[in-house]
$ cat input-v9.cif   # mmCIF, C-alpha atoms
data_model
#
loop_
_atom_site.label_atom_id
_atom_site.label_comp_id
_atom_site.auth_asym_id
_atom_site.auth_seq_id
_atom_site.Cartn_x
_atom_site.Cartn_y
_atom_site.Cartn_z
CA MET N 2 92.24 101.80 93.70
CA SER N 3 92.65 105.48 94.05
CA THR N 4 90.71 105.74 97.26
CA GLY N 5 89.14 103.78 100.03
CA THR N 6 85.38 103.94 100.29
CA PRO N 7 84.46 105.20 103.72
CA THR N 8 81.66 103.50 105.54
CA ALA N 9 79.04 105.38 107.49
CA SER N 10 79.91 106.12 111.08
CA SER N 11 77.27 106.45 113.72
CA SER N 12 79.64 108.30 116.02
CA SER N 13 79.07 111.99 116.55
CA THR N 14 82.80 112.48 116.20
CA PRO N 15 83.67 112.67 112.52
CA LEU N 16 86.18 110.27 111.06
CA ARG N 17 89.62 111.58 110.35
CA PHE N 18 91.34 110.82 107.08
CA ARG N 19 94.84 109.72 106.23
CA ARG N 20 95.69 111.26 102.89
CA ASN N 21 98.21 110.75 100.11
CA VAL N 22 101.34 112.58 101.23
CA ALA N 23 101.79 113.94 97.71
CA ARG N 24 98.41 115.66 97.92
CA LEU N 25 98.48 117.16 101.39
CA SER N 26 97.51 120.80 101.63
CA ALA N 27 100.15 123.12 103.03
CA GLY N 28 98.27 123.22 106.32
CA GLN N 29 97.93 119.44 106.56
CA LEU N 30 101.64 118.96 105.90
CA ASP N 31 102.51 121.64 108.40
CA ASN N 32 100.40 119.88 111.05
CA LEU N 33 102.26 116.63 110.38
CA ARG N 34 105.66 118.29 110.56
CA GLN N 35 104.80 120.15 113.74
CA ALA N 36 103.55 116.96 115.37
CA PHE N 37 106.75 115.09 114.50
CA ALA N 38 108.89 117.96 115.76
CA ARG N 39 107.03 117.97 119.06
CA VAL N 40 107.19 114.21 119.70
CA TYR N 41 110.91 114.25 118.88
CA ALA N 42 111.34 116.60 121.83
CA ILE N 43 109.62 114.31 124.33
CA SER N 44 111.77 111.68 126.04
CA ASP N 45 109.06 109.80 127.96
CA ASN N 46 106.45 107.37 126.70
CA ARG N 47 104.63 110.09 124.76
CA GLY N 48 107.67 110.73 122.62
CA TYR N 49 109.11 109.56 119.33
CA ALA N 50 111.92 107.42 120.70
CA TYR N 51 109.49 105.38 122.78
CA HIS N 52 107.21 104.66 119.84
CA ALA N 53 110.00 104.03 117.32
CA GLY N 54 111.76 101.74 119.78
CA ILE N 55 108.77 99.42 119.98
CA HIS N 56 109.66 98.12 116.51
CA GLY N 57 113.00 96.75 117.61
CA LEU N 58 115.61 98.39 119.76
CA PRO N 59 115.92 99.25 122.56
CA LEU N 60 114.90 96.11 124.37
CA PRO N 61 113.00 94.87 126.30
CA ILE N 62 109.93 96.03 124.34
CA GLY N 63 109.92 94.66 120.80
CA CYS N 64 107.76 93.83 117.83
CA ASP N 65 107.46 90.18 118.80
CA ASN N 66 105.68 88.18 116.12
CA ALA N 67 104.86 91.28 114.07
CA HIS N 68 106.63 89.97 110.97
CA GLY N 69 106.27 86.75 109.04
CA THR N 70 103.07 85.86 110.87
CA PRO N 71 99.32 86.49 110.49
CA TYR N 72 99.76 89.25 113.09
CA PHE N 73 101.71 91.42 110.62
CA LEU N 74 98.81 93.59 109.46
CA PRO N 75 96.85 93.79 112.74
CA TRP N 76 99.98 94.53 114.78
CA HIS N 77 101.10 97.35 112.52
CA ARG N 78 97.57 98.80 112.36
CA ALA N 79 97.61 98.99 116.14
CA TYR N 80 101.13 100.43 116.07
CA LEU N 81 100.14 103.25 113.72
CA TYR N 82 96.97 103.89 115.69
CA PHE N 83 98.81 104.49 118.95
CA PHE N 84 101.56 106.54 117.33
CA GLU N 85 99.01 108.68 115.53
CA ARG N 86 97.25 109.29 118.84
CA ALA N 87 100.60 110.43 120.26
CA LEU N 88 101.02 112.84 117.34
CA ARG N 89 97.52 114.20 117.85
CA ASP N 90 98.16 114.68 121.56
CA GLN N 91 100.61 117.33 120.38
CA VAL N 92 98.82 118.64 117.29
CA PRO N 93 95.18 117.54 117.34
CA ARG N 94 94.63 118.07 113.61
CA ALA N 95 97.67 116.04 112.57
CA MET N 96 97.08 112.74 110.78
CA LEU N 97 99.50 110.23 109.35
CA ALA N 98 99.77 110.33 105.55
CA TRP N 99 100.42 107.47 103.14
CA TRP N 100 103.26 107.19 100.67
CA ASP N 101 102.02 105.70 97.43
CA TRP N 102 105.19 103.80 96.54
CA ARG N 103 103.67 102.00 93.56
CA THR N 104 105.66 102.44 90.37
CA ARG N 105 104.24 102.63 86.86
CA ALA N 106 105.77 102.88 83.42
CA GLY N 107 107.29 106.34 83.23
CA ARG N 108 106.87 106.88 86.96
CA PRO N 109 109.87 105.45 88.77
CA GLY N 110 109.96 105.28 92.51
CA ARG N 111 111.22 108.11 94.63
CA ILE N 112 111.00 109.39 98.17
CA PRO N 113 108.15 111.93 98.42
CA ALA N 114 109.30 115.53 98.57
CA ALA N 115 107.64 115.98 101.96
CA PHE N 116 110.09 113.43 103.37
CA ALA N 117 113.07 114.25 101.15
CA ASP N 118 113.32 118.04 101.38
CA GLN N 119 116.32 119.06 103.44
CA ARG N 120 114.72 122.15 104.89
CA VAL N 121 111.34 123.76 105.38
CA GLY N 122 112.01 127.45 105.12
CA ALA N 123 114.91 128.09 107.42
CA GLN N 124 114.32 125.01 109.55
CA PRO N 125 115.47 121.39 109.06
CA ASN N 126 112.67 119.19 107.71
CA PRO N 127 111.52 117.00 110.62
CA LEU N 128 110.33 114.34 108.14
CA LEU N 129 113.77 113.92 106.59
CA SER N 130 115.35 111.93 109.39
CA GLY N 131 115.12 111.16 113.07
CA ASP N 132 117.46 110.56 115.97
CA VAL N 133 118.00 106.96 117.01
CA ASP N 134 117.49 106.36 120.73
CA PRO N 135 120.99 106.31 122.31
CA LEU N 136 120.07 103.18 124.27
CA ALA N 137 119.12 101.47 121.00
CA LEU N 138 122.48 102.48 119.56
CA ARG N 139 124.33 101.03 122.53
CA GLN N 140 122.36 97.78 122.53
CA GLY N 141 123.04 97.46 118.80
CA GLY N 142 126.76 97.84 119.32
CA ASN N 143 126.84 101.35 117.84
CA SER N 144 126.73 99.81 114.39
CA VAL N 145 124.50 102.44 112.80
CA ALA N 146 124.50 106.21 112.55
CA ALA N 147 122.91 108.16 115.37
CA ARG N 148 120.62 109.88 112.89
CA THR N 149 118.64 107.96 110.28
CA VAL N 150 119.89 107.83 106.69
CA ARG N 151 118.46 106.43 103.44
CA HIS N 152 119.98 105.02 100.27
CA PRO N 153 116.95 104.76 97.99
CA GLY N 154 117.27 102.38 95.09
CA GLY N 155 120.79 101.32 95.98
CA ARG N 156 122.68 98.65 94.07
CA LEU N 157 121.15 95.19 94.53
CA ALA N 158 118.07 96.62 96.25
CA PRO N 159 114.82 95.06 95.04
CA PRO N 160 112.53 97.39 93.08
CA LEU N 161 109.58 99.17 94.60
CA PRO N 162 106.31 97.31 94.00
CA SER N 163 104.53 98.12 90.77
CA ALA N 164 100.88 99.09 90.45
CA ARG N 165 100.29 95.75 88.73
CA GLU N 166 101.79 93.82 91.64
CA VAL N 167 99.55 95.65 94.10
CA ARG N 168 96.50 94.84 91.94
CA GLU N 169 97.51 91.18 91.94
CA VAL N 170 97.82 91.17 95.72
CA LEU N 171 94.42 92.81 96.08
CA ALA N 172 92.89 90.04 93.96
CA ILE N 173 93.98 87.32 96.41
CA ARG N 174 90.96 86.02 98.26
CA ASP N 175 92.20 84.38 101.45
CA PHE N 176 93.80 86.35 104.28
CA GLN N 177 96.82 84.14 104.83
CA SER N 178 97.95 84.36 101.21
CA PHE N 179 97.08 88.06 101.03
CA THR N 180 99.06 89.05 104.11
CA ALA N 181 102.09 87.00 103.05
CA ALA N 182 102.10 88.60 99.59
CA LEU N 183 101.57 92.12 100.92
CA GLU N 184 104.31 91.62 103.52
CA GLY N 185 106.66 90.64 100.68
CA LEU N 186 105.93 93.93 98.88
CA HIS N 187 106.40 95.73 102.20
CA ASP N 188 109.80 94.11 102.70
CA ARG N 189 110.92 95.39 99.30
CA VAL N 190 110.04 98.98 100.22
CA HIS N 191 112.12 98.71 103.40
CA MET N 192 115.08 97.38 101.42
CA TRP N 193 114.62 99.89 98.58
CA VAL N 194 114.73 102.83 101.01
CA GLY N 195 117.78 101.28 102.67
CA GLY N 196 119.75 102.71 105.56
CA HIS N 197 117.98 102.36 108.89
CA MET N 198 114.72 101.47 107.13
CA GLY N 199 116.33 98.27 105.89
CA GLN N 200 116.70 96.78 109.35
CA ILE N 201 113.93 95.81 111.76
CA PRO N 202 115.66 97.10 114.92
CA TYR N 203 115.96 100.69 113.65
CA ALA N 204 113.41 101.07 110.83
CA ALA N 205 110.81 103.02 112.78
CA PHE N 206 113.27 105.73 113.75
CA ASP N 207 113.07 106.93 110.13
CA PRO N 208 109.96 109.12 109.85
CA ILE N 209 109.13 107.67 106.43
CA PHE N 210 108.44 104.36 108.16
CA TRP N 211 105.01 105.66 109.18
CA ALA N 212 104.07 106.79 105.68
CA HIS N 213 105.20 103.44 104.28
CA HIS N 214 103.12 101.52 106.79
CA ALA N 215 100.13 103.80 106.28
CA MET N 216 100.24 102.66 102.63
CA VAL N 217 100.44 99.01 103.73
CA ASP N 218 97.51 99.57 106.09
CA ARG N 219 95.57 101.28 103.29
CA VAL N 220 96.10 98.33 100.95
CA TRP N 221 94.71 96.07 103.69
CA ARG N 222 91.74 98.44 104.03
CA LEU N 223 91.14 98.30 100.25
CA TRP N 224 91.38 94.51 100.36
CA GLN N 225 88.83 94.40 103.17
CA LEU N 226 86.45 96.48 101.07
CA ALA N 227 86.96 94.19 98.08
CA HIS N 228 86.57 90.94 100.02
CA ALA N 229 83.80 91.51 102.53
CA GLY N 230 84.00 89.11 105.43
CA ALA N 231 87.55 87.94 104.73
CA ARG N 232 89.55 88.20 107.93
CA PRO N 233 92.46 86.72 109.84
CA PRO N 234 92.16 83.15 111.15
CA ALA N 235 89.52 82.77 113.86
CA ALA N 236 92.12 81.30 116.21
CA ILE N 237 93.96 84.63 116.48
CA LEU N 238 91.06 87.11 116.49
CA ASP N 239 91.00 87.45 120.25
CA GLU N 240 94.75 87.39 120.70
CA ALA N 241 96.37 90.53 122.08
CA LEU N 242 98.93 92.51 120.10
CA PRO N 243 101.59 93.28 122.68
CA PRO N 244 102.61 95.83 123.79
CA PHE N 245 99.36 97.39 122.62
CA ARG N 246 96.12 97.14 124.55
CA MET N 247 94.27 95.86 121.53
CA THR N 248 93.26 92.50 120.08
CA VAL N 249 93.38 91.40 116.46
CA ARG N 250 89.59 91.68 116.29
CA GLN N 251 89.73 95.29 117.46
CA THR N 252 91.92 96.21 114.50
CA LEU N 253 89.57 94.91 111.84
CA SER N 254 87.54 98.09 111.38
CA VAL N 255 89.44 101.29 110.67
CA THR N 256 86.28 103.34 111.05
CA ALA N 257 85.83 101.93 114.55
CA LEU N 258 89.34 103.24 115.21
CA GLY N 259 88.23 106.64 113.96
CA TYR N 260 89.96 106.97 110.63
CA ASP N 261 89.80 106.06 106.99
CA TYR N 262 91.83 106.65 103.85
CA ALA N 263 91.31 109.36 101.24
CA VAL N 264 93.43 110.62 98.37
CA SER N 265 92.86 114.19 99.46
CA SER N 266 90.22 116.24 101.20
CA ALA N 267 88.95 119.78 101.43
CA SER N 268 86.27 121.28 103.59
CA THR N 269 84.55 124.60 104.09
CA PRO N 270 82.24 125.98 106.76
CA ALA N 271 78.53 126.04 106.01
CA ARG N 272 77.33 129.33 104.61
CA PRO N 273 75.26 131.36 106.99
CA ALA N 274 71.61 131.40 105.95
CA MET S 14 127.00 90.57 100.08
CA THR S 15 125.63 87.50 98.36
CA THR S 16 125.35 83.92 99.50
CA LYS S 17 123.67 81.04 97.76
CA ALA S 18 122.45 77.52 98.31
CA THR S 19 121.47 74.77 95.91
CA THR S 20 119.23 71.92 96.93
CA SER S 21 119.40 68.25 96.04
CA ALA S 22 117.25 67.22 93.11
CA LEU S 23 113.51 67.67 93.56
CA GLU S 24 111.33 65.18 91.75
CA LEU S 25 108.97 66.74 89.21
CA PRO S 26 105.32 65.72 89.02
CA ASP S 27 104.22 63.39 86.28
CA LEU S 28 102.10 66.02 84.58
CA ASP S 29 101.96 67.72 81.23
CA ALA S 30 102.95 71.37 81.37
CA GLY S 31 99.40 72.37 80.48
CA ASP S 32 98.06 70.50 83.49
CA VAL S 33 100.12 72.51 85.96
CA TYR S 34 97.60 75.06 87.17
CA ARG S 35 99.95 76.47 89.79
CA ALA S 36 103.30 75.48 91.28
CA ASP S 37 104.78 76.75 94.54
CA LEU S 38 108.28 76.43 95.93
CA VAL S 39 107.86 76.52 99.68
CA PHE S 40 110.90 77.21 101.83
CA TYR S 41 110.63 76.00 105.41
CA ASP S 42 112.57 77.09 108.51
CA VAL S 43 113.85 80.28 106.92
CA ASP S 44 116.14 82.10 109.33
CA HIS S 45 115.57 85.85 109.70
CA SER S 46 118.07 86.77 112.37
CA GLY S 47 120.55 88.26 109.89
CA PRO S 48 120.46 91.15 107.39
CA SER S 49 117.50 91.85 105.13
CA TYR S 50 117.82 90.15 101.76
CA GLU S 51 116.03 89.17 98.58
CA GLY S 52 116.18 85.44 97.88
CA ARG S 53 116.24 85.02 94.11
CA VAL S 54 115.13 81.54 93.16
CA PHE S 55 116.36 79.68 90.09
CA VAL S 56 115.26 76.27 88.86
CA ASP S 57 117.96 73.97 87.48
CA HIS S 58 120.53 76.73 87.32
CA PRO S 59 123.11 76.01 90.05
CA ASP S 60 125.56 78.52 88.62
CA ALA S 61 123.21 81.43 89.28
CA ASP S 62 124.59 84.44 91.13
CA GLU S 63 123.59 88.04 91.75
CA ASP S 64 124.32 88.98 88.14
CA THR S 65 122.29 86.19 86.57
CA PRO S 66 119.45 87.64 84.49
CA ARG S 67 116.07 87.03 86.01
CA ASP S 68 114.41 85.51 82.99
CA ALA S 69 113.11 82.21 81.69
CA ASP S 70 116.32 81.32 79.89
CA HIS S 71 118.12 81.24 83.22
CA GLY S 72 115.47 79.34 85.13
CA TYR S 73 114.36 82.30 87.20
CA ALA S 74 111.28 81.40 89.20
CA GLY S 75 110.70 84.45 91.40
CA SER S 76 111.94 85.73 94.71
CA TYR S 77 111.07 86.04 98.36
CA THR S 78 112.20 88.68 100.81
CA VAL S 79 113.39 88.61 104.38
CA PHE S 80 113.16 91.78 106.47
CA GLY S 81 115.87 90.83 108.89
CA HIS S 82 116.78 91.54 112.49
CA ASN S 83 120.40 92.05 111.44
CA GLY S 84 121.95 90.39 114.44
CA CYS S 85 121.21 89.30 117.97
CA TYR S 86 120.68 91.80 120.74
CA GLY S 87 120.15 91.01 124.39
CA ASP S 88 121.83 88.71 126.83
CA GLU S 89 122.98 85.18 126.17
CA GLY S 90 120.09 82.98 125.09
CA HIS S 91 117.82 85.87 124.10
CA CYS S 92 117.85 84.89 120.44
CA LEU S 93 117.43 81.15 120.83
CA PRO S 94 113.87 80.02 120.11
CA ASP S 95 114.48 76.65 121.73
CA SER S 96 115.46 78.26 125.01
CA MET S 97 111.82 78.81 125.98
CA PHE S 98 110.17 76.11 128.06
CA ARG S 99 106.88 75.37 126.33
CA ASP S 100 103.96 73.18 127.30
CA GLU S 101 100.26 73.03 126.56
CA PHE S 102 99.51 75.73 129.16
CA ASP S 103 101.90 78.24 127.60
CA ARG S 104 99.81 81.14 126.29
CA ARG S 105 102.82 83.17 125.18
CA LEU S 106 103.38 83.93 121.53
CA PRO S 107 106.10 82.01 119.69
CA HIS S 108 109.67 83.21 120.07
CA PRO S 109 110.25 86.22 117.77
CA LEU S 110 113.00 84.38 115.92
CA THR S 111 110.91 81.32 115.20
CA ALA S 112 111.81 80.43 111.63
CA TRP S 113 109.50 81.56 108.82
CA THR S 114 107.96 79.80 105.86
CA LYS S 115 108.30 81.57 102.52
CA THR S 116 106.43 80.68 99.35
CA VAL S 117 107.46 81.55 95.81
CA ILE S 118 104.82 81.04 93.15
CA ALA S 119 106.90 79.37 90.46
CA THR S 120 104.24 78.22 88.00
CA ASP S 121 105.91 79.40 84.81
CA ALA S 122 109.34 78.06 85.77
CA ILE S 123 107.95 74.63 86.69
CA ARG S 124 105.83 74.46 83.54
CA ARG S 125 108.96 75.08 81.51
CA VAL S 126 110.89 72.16 83.02
CA VAL S 127 107.88 69.83 83.07
CA ALA S 128 107.47 70.43 79.35
CA ASP S 129 110.73 68.57 78.72
CA PRO S 130 110.01 64.85 79.15
CA ALA S 131 113.73 64.14 79.62
CA VAL S 132 113.78 66.19 82.83
CA THR S 133 112.40 64.30 85.80
CA ALA S 134 114.02 66.22 88.64
CA VAL S 135 115.45 69.71 89.18
CA THR S 136 117.62 71.54 91.65
CA VAL S 137 116.58 74.80 93.25
CA THR S 138 119.15 77.52 93.78
CA VAL S 139 118.56 80.46 96.08
CA VAL S 140 120.79 83.49 95.69
CA ALA S 141 120.46 85.73 98.75
CA VAL S 142 121.16 89.30 97.69
CA VAL S 143 121.76 91.89 100.41
CA PRO S 144 121.36 95.46 99.12
CA GLU S 145 124.57 97.45 99.22
CA ASP S 146 124.37 99.91 102.06
CA ASP S 147 126.78 101.71 104.31
CA VAL S 148 124.76 100.66 107.34
CA ALA S 149 126.63 97.83 109.01
CA GLN S 150 125.25 94.41 108.21
CA GLY S 151 125.30 91.61 110.73
CA THR S 152 127.76 88.80 110.52
CA GLY S 153 127.13 85.11 110.01
CA ASP S 154 125.20 83.23 107.39
CA VAL S 155 122.62 85.32 105.58
CA LEU S 156 120.84 82.40 103.94
CA ARG S 157 119.64 79.54 106.06
CA PHE S 158 116.58 77.39 105.50
CA GLY S 159 115.64 73.87 106.43
CA SER S 160 113.99 72.38 103.37
CA VAL S 161 112.17 73.14 100.14
CA ARG S 162 108.98 71.58 98.90
CA LEU S 163 107.61 71.73 95.37
CA LEU S 164 103.83 71.85 95.41
CA THR S 165 101.95 71.55 92.15
CA TYR S 166 98.25 72.05 91.64
CA GLN S 167 96.02 70.86 88.87
CA ASP S 168 92.77 72.55 87.90
CA GLU S 169 90.40 69.61 88.14
CA SER S 170 87.91 71.29 85.88
CA LEU S 171 90.51 71.12 83.09
CA ALA S 172 91.77 67.59 83.78
CA ASP S 173 90.77 64.61 81.64
CA GLY S 174 90.19 62.47 84.70
CA ASP S 175 91.65 59.08 85.60
CA GLY S 176 88.81 56.88 84.44
CA GLU S 177 86.88 56.88 87.69
CA ASP S 178 83.65 56.97 85.78
#
$ encode --input "input-v9.cif" --output "structure tokens"
Amino acid sequence: MSTGTPTASSSSTPLRFRRNVARLSAGQLDNLRQAFARVYAISDNRGYAYHAGIHGLPLPIGCDNAHGTPYFLPWHRAYLYFFERALRDQVPRAMLAWWDWRTRAGRPGRIPAAFADQRVGAQPNPLLSGDVDPLALRQGGNSVAARTVRHPGGRLAPPLPSAREVREVLAIRDFQSFTAALEGLHDRVHMWVGGHMGQIPYAAFDPIFWAHHAMVDRVWRLWQLAHAGARPPAAILDEALPPFRMTVRQTLSVTALGYDYAVSSASTPARPA
Amino acid sequence: MTTKATTSALELPDLDAGDVYRADLVFYDVDHSGPSYEGRVFVDHPDADEDTPRDADHGYAGSYTVFGHNGCYGDEGHCLPDSMFRDEFDRRLPHPLTAWTKTVIATDAIRRVVADPAVTAVTVTVVAVVPEDDVAQGTGDVLRFGSVRLLTYQDESLADGDGED
């Protein structure tokens, strides 16, 4: 499961690809960092605080029914879609990247360097941490730090999912069992990272949230490719995913949303004849 | 922070271990308003705690996780699912704190106890383990659930049958 298999698109606009964060080119990573830095600086509904706050605090907008329900995968696909659009409003070539958190023998889990480096040149790394919305802090009783922190692999934290566990989840055939199992692996990543990521109200203020959920979304994409026609229950397909202007059905095709997953990519202009 | 709960005895199915194709422990009405935790599930091991090895000798069956809200935010009543007036015309989604159902596939653990003909019922112990973190964790009970059900499945293609034909 090293890559998703893109399907043909009839659109004249080429698909964009979310890539493995460990394999981003220097330019791709720079685009991502620039986009984060720019949305951090915006305080209205184009900015980082607005999008991160949708996942929990501040109220009144929240991630109602986005966890522990069949809406988990569709809701978060919509969430990433709209946040990625906000990033691309600032840096059009920026795309979210996925953190492959699977562990293997001899390859223990760790935070990717792109998100762990303290500095990029002389500047702070915008993917290391983010500011928590002051209103979220107040509503939460000022119980967390104003800037996101992590405690990866802390004592009593569950382990990151293994490659074998992800394979087992991908082998599940019905959507309800698949989404419940994948959400369980997702929970473990939140708890393994720790800090703000370990709590629903603040998790999305940590920039690694988006790379984690891009991986979750990618696993769903791979499952869709492996189990053609398998989809969420019919009863919820036309339900909206508030606060997003999107239904469950509209999240089912990533290519219809203009993106797909790749391990890496490179391109070159055509040679002149 | 660790809390635990042990159920009353759950009756085991009258099956041979080899006939148990799959066994699930299903936890109903799982509260998720508190901190995130891993619920480690042990069969017939009421003394289990966070240091208990997760292996067959100690009845370990598996775990479930809760990505928690870590407290209640909002005005009075905001976090009470029953505070919403609901009727058949209500098109709103369920309250965000509506309790969850969590399933632990416990096939190996149930096969082990079923294999002993002297054991006809078992307890289930859940040890809720909250990762150590310097981010403040909410107060109150971490572990709350309404009931547990043991579901066992038999692969009919492997069964001898009950003499229907």
$ closest_atom_pairs --input "input-v9.cif" --of "chain N" --to "chain S" --cutoff "10 Å" --atoms "all atoms listed in the file" --output "tab-separated table"
residue	atom	partner	partner_atom	distance
N:Gly57	CA	S:His82	CA	8.2
N:Leu58	CA	S:Tyr86	CA	8.4
N:Pro59	CA	S:Tyr86	CA	9.0
N:Leu60	CA	S:Gly87	CA	7.3
N:Pro61	CA	S:Gly87	CA	8.3
N:Gly63	CA	S:Pro109	CA	9.0
N:Cys64	CA	S:Pro109	CA	8.0
N:Asp65	CA	S:Pro109	CA	5.0
N:Asn66	CA	S:Pro109	CA	5.2
N:Ala67	CA	S:Pro109	CA	8.3
N:His68	CA	S:Phe80	CA	8.1
N:Gly69	CA	S:Trp113	CA	6.1
N:Thr70	CA	S:Trp113	CA	8.0
N:Ala137	CA	S:Tyr86	CA	9.8
N:Gln140	CA	S:Tyr86	CA	6.5
N:Gly141	CA	S:Tyr86	CA	6.4
N:Gly142	CA	S:Tyr86	CA	8.7
N:Asn143	CA	S:Ala149	CA	9.5
N:Ser144	CA	S:Ala149	CA	5.7
N:Val145	CA	S:Val148	CA	5.7
N:Ala146	CA	S:Val148	CA	7.6
N:Thr149	CA	S:Val148	CA	10.0
N:Val150	CA	S:Val148	CA	8.7
N:Arg151	CA	S:Asp146	CA	8.9
N:His152	CA	S:Asp146	CA	7.0
N:Pro153	CA	S:Asp146	CA	9.8
N:Gly154	CA	S:Pro144	CA	9.0
N:Gly155	CA	S:Glu145	CA	6.3
N:Arg156	CA	S:Glu145	CA	5.6
N:Leu157	CA	S:Pro144	CA	4.6
N:Ala158	CA	S:Pro144	CA	4.5
N:Pro159	CA	S:Glu51	CA	7.0
N:Ser178	CA	S:Thr116	CA	9.4
N:Ala181	CA	S:Lys115	CA	8.3
N:Ala182	CA	S:Thr116	CA	9.0
N:Glu184	CA	S:Thr78	CA	8.8
N:Gly185	CA	S:Thr78	CA	5.9
N:Leu186	CA	S:Thr78	CA	8.4
N:His187	CA	S:Phe80	CA	8.9
N:Asp188	CA	S:Phe80	CA	5.6
N:Arg189	CA	S:Thr78	CA	7.0
N:His191	CA	S:Phe80	CA	7.7
N:Met192	CA	S:Pro144	CA	7.0
N:Trp193	CA	S:Pro144	CA	8.1
N:Gly195	CA	S:Asp146	CA	6.8
N:Gly196	CA	S:Val148	CA	5.7
N:His197	CA	S:Val148	CA	7.2
N:Met198	CA	S:Phe80	CA	9.8
N:Gly199	CA	S:Ser49	CA	6.6
N:Gln200	CA	S:Gly81	CA	6.0
N:Ile201	CA	S:His82	CA	5.2
N:Pro202	CA	S:His82	CA	6.2
N:Tyr203	CA	S:His82	CA	9.3
N:Glu240	CA	S:Leu106	CA	9.3
N:Ala241	CA	S:Leu106	CA	9.6
N:Leu242	CA	S:Leu106	CA	9.8
N:Pro243	CA	S:Leu106	CA	9.6
$ write_last_selection --input "input-v9.cif" --atoms "C-alpha atoms" --output "short mmCIF file (atom, residue, chain, number, x, y, z; two decimals), keeping the file's coordinate frame"
data_model
loop_
_atom_site.label_atom_id
_atom_site.label_comp_id
_atom_site.auth_asym_id
_atom_site.auth_seq_id
_atom_site.Cartn_x
_atom_site.Cartn_y
_atom_site.Cartn_z
CA GLY N 57 113.00 96.75 117.61
CA LEU N 58 115.61 98.39 119.76
CA PRO N 59 115.92 99.25 122.56
CA LEU N 60 114.90 96.11 124.37
CA PRO N 61 113.00 94.87 126.30
CA GLY N 63 109.92 94.66 120.80
CA CYS N 64 107.76 93.83 117.83
CA ASP N 65 107.46 90.18 118.80
CA ASN N 66 105.68 88.18 116.12
CA ALA N 67 104.86 91.28 114.07
CA HIS N 68 106.63 89.97 110.97
CA GLY N 69 106.27 86.75 109.04
CA THR N 70 103.07 85.86 110.87
CA ALA N 137 119.12 101.47 121.00
CA GLN N 140 122.36 97.78 122.53
CA GLY N 141 123.04 97.46 118.80
CA GLY N 142 126.76 97.84 119.32
CA ASN N 143 126.84 101.35 117.84
CA SER N 144 126.73 99.81 114.39
CA VAL N 145 124.50 102.44 112.80
CA ALA N 146 124.50 106.21 112.55
CA THR N 149 118.64 107.96 110.28
CA VAL N 150 119.89 107.83 106.69
CA ARG N 151 118.46 106.43 103.44
CA HIS N 152 119.98 105.02 100.27
CA PRO N 153 116.95 104.76 97.99
CA GLY N 154 117.27 102.38 95.09
CA GLY N 155 120.79 101.32 95.98
CA ARG N 156 122.68 98.65 94.07
CA LEU N 157 121.15 95.19 94.53
CA ALA N 158 118.07 96.62 96.25
CA PRO N 159 114.82 95.06 95.04
CA SER N 178 97.95 84.36 101.21
CA ALA N 181 102.09 87.00 103.05
CA ALA N 182 102.10 88.60 99.59
CA GLU N 184 104.31 91.62 103.52
CA GLY N 185 106.66 90.64 100.68
CA LEU N 186 105.93 93.93 98.88
CA HIS N 187 106.40 95.73 102.20
CA ASP N 188 109.80 94.11 102.70
CA ARG N 189 110.92 95.39 99.30
CA HIS N 191 112.12 98.71 103.40
CA MET N 192 115.08 97.38 101.42
CA TRP N 193 114.62 99.89 98.58
CA GLY N 195 117.78 101.28 102.67
CA GLY N 196 119.75 102.71 105.56
CA HIS N 197 117.98 102.36 108.89
CA MET N 198 114.72 101.47 107.13
CA GLY N 199 116.33 98.27 105.89
CA GLN N 200 116.70 96.78 109.35
CA ILE N 201 113.93 95.81 111.76
CA PRO N 202 115.66 97.10 114.92
CA TYR N 203 115.96 100.69 113.65
CA GLU N 240 94.75 87.39 120.70
CA ALA N 241 96.37 90.53 122.08
CA LEU N 242 98.93 92.51 120.10
CA PRO N 243 101.59 93.28 122.68
#
$ residues_around --input "input-v9.cif" --residues "region 163-169 of chain S" --least-positions-apart "4" --cutoff "6 Å" --atoms "only C-alpha atoms" --output "list of chain:residue names"
S:Asp32, S:Val33, S:Tyr34, S:Arg35, S:Ala36, S:Asp37, S:Leu38
$ axis_aligned_box --input "input-v9.cif" --around "region 229-239 of chain N" --padding-each-side "6 Å" --output "JSON"
{"center_x": 88.9, "center_y": 86.4, "center_z": 111.4, "size_x": 22.2, "size_y": 22.2, "size_z": 29.7}
$ residues_around --input "input-v9.cif" --residues "Asn32 (chain N)" --least-positions-apart "5" --cutoff "10 Å" --atoms "all atoms listed in the file" --output "list of chain:residue names"
N:Ser26, N:Ala27, N:Phe37, N:Ala38, N:Leu88, N:Arg89, N:Gln91, N:Val92, N:Pro93, N:Arg94, N:Ala95, N:Met96, N:Leu97
$ atom_distance --input "input-v9.cif" --atom1 "CA of Phe40 (chain S)" --atom2 "CA of Asp57 (chain S)"
16.3 Å
$ closest_residue --input "input-v9.cif" --among "N:Tyr82, N:Pro15, N:Tyr72, N:Ala204" --to "Pro234 (chain N)" --atoms "only C-alpha atoms"
N:Tyr72
$ atom_distance --input "input-v9.cif" --atom1 "CA of Thr14 (chain N)" --atom2 "CA of Ala263 (chain N)"
17.5 Å
$ atom_distance --input "input-v9.cif" --atom1 "CA of Pro135 (chain N)" --atom2 "CA of Asp218 (chain N)"
29.3 Å
$ resolve_selection --input "input-v9.cif" --expression "the PyMOL selection byres ((chain S and resi 67-73) around 7)" --output "NGL selection string"
:S and (54-58 or 65-66 or 74-75 or 122)
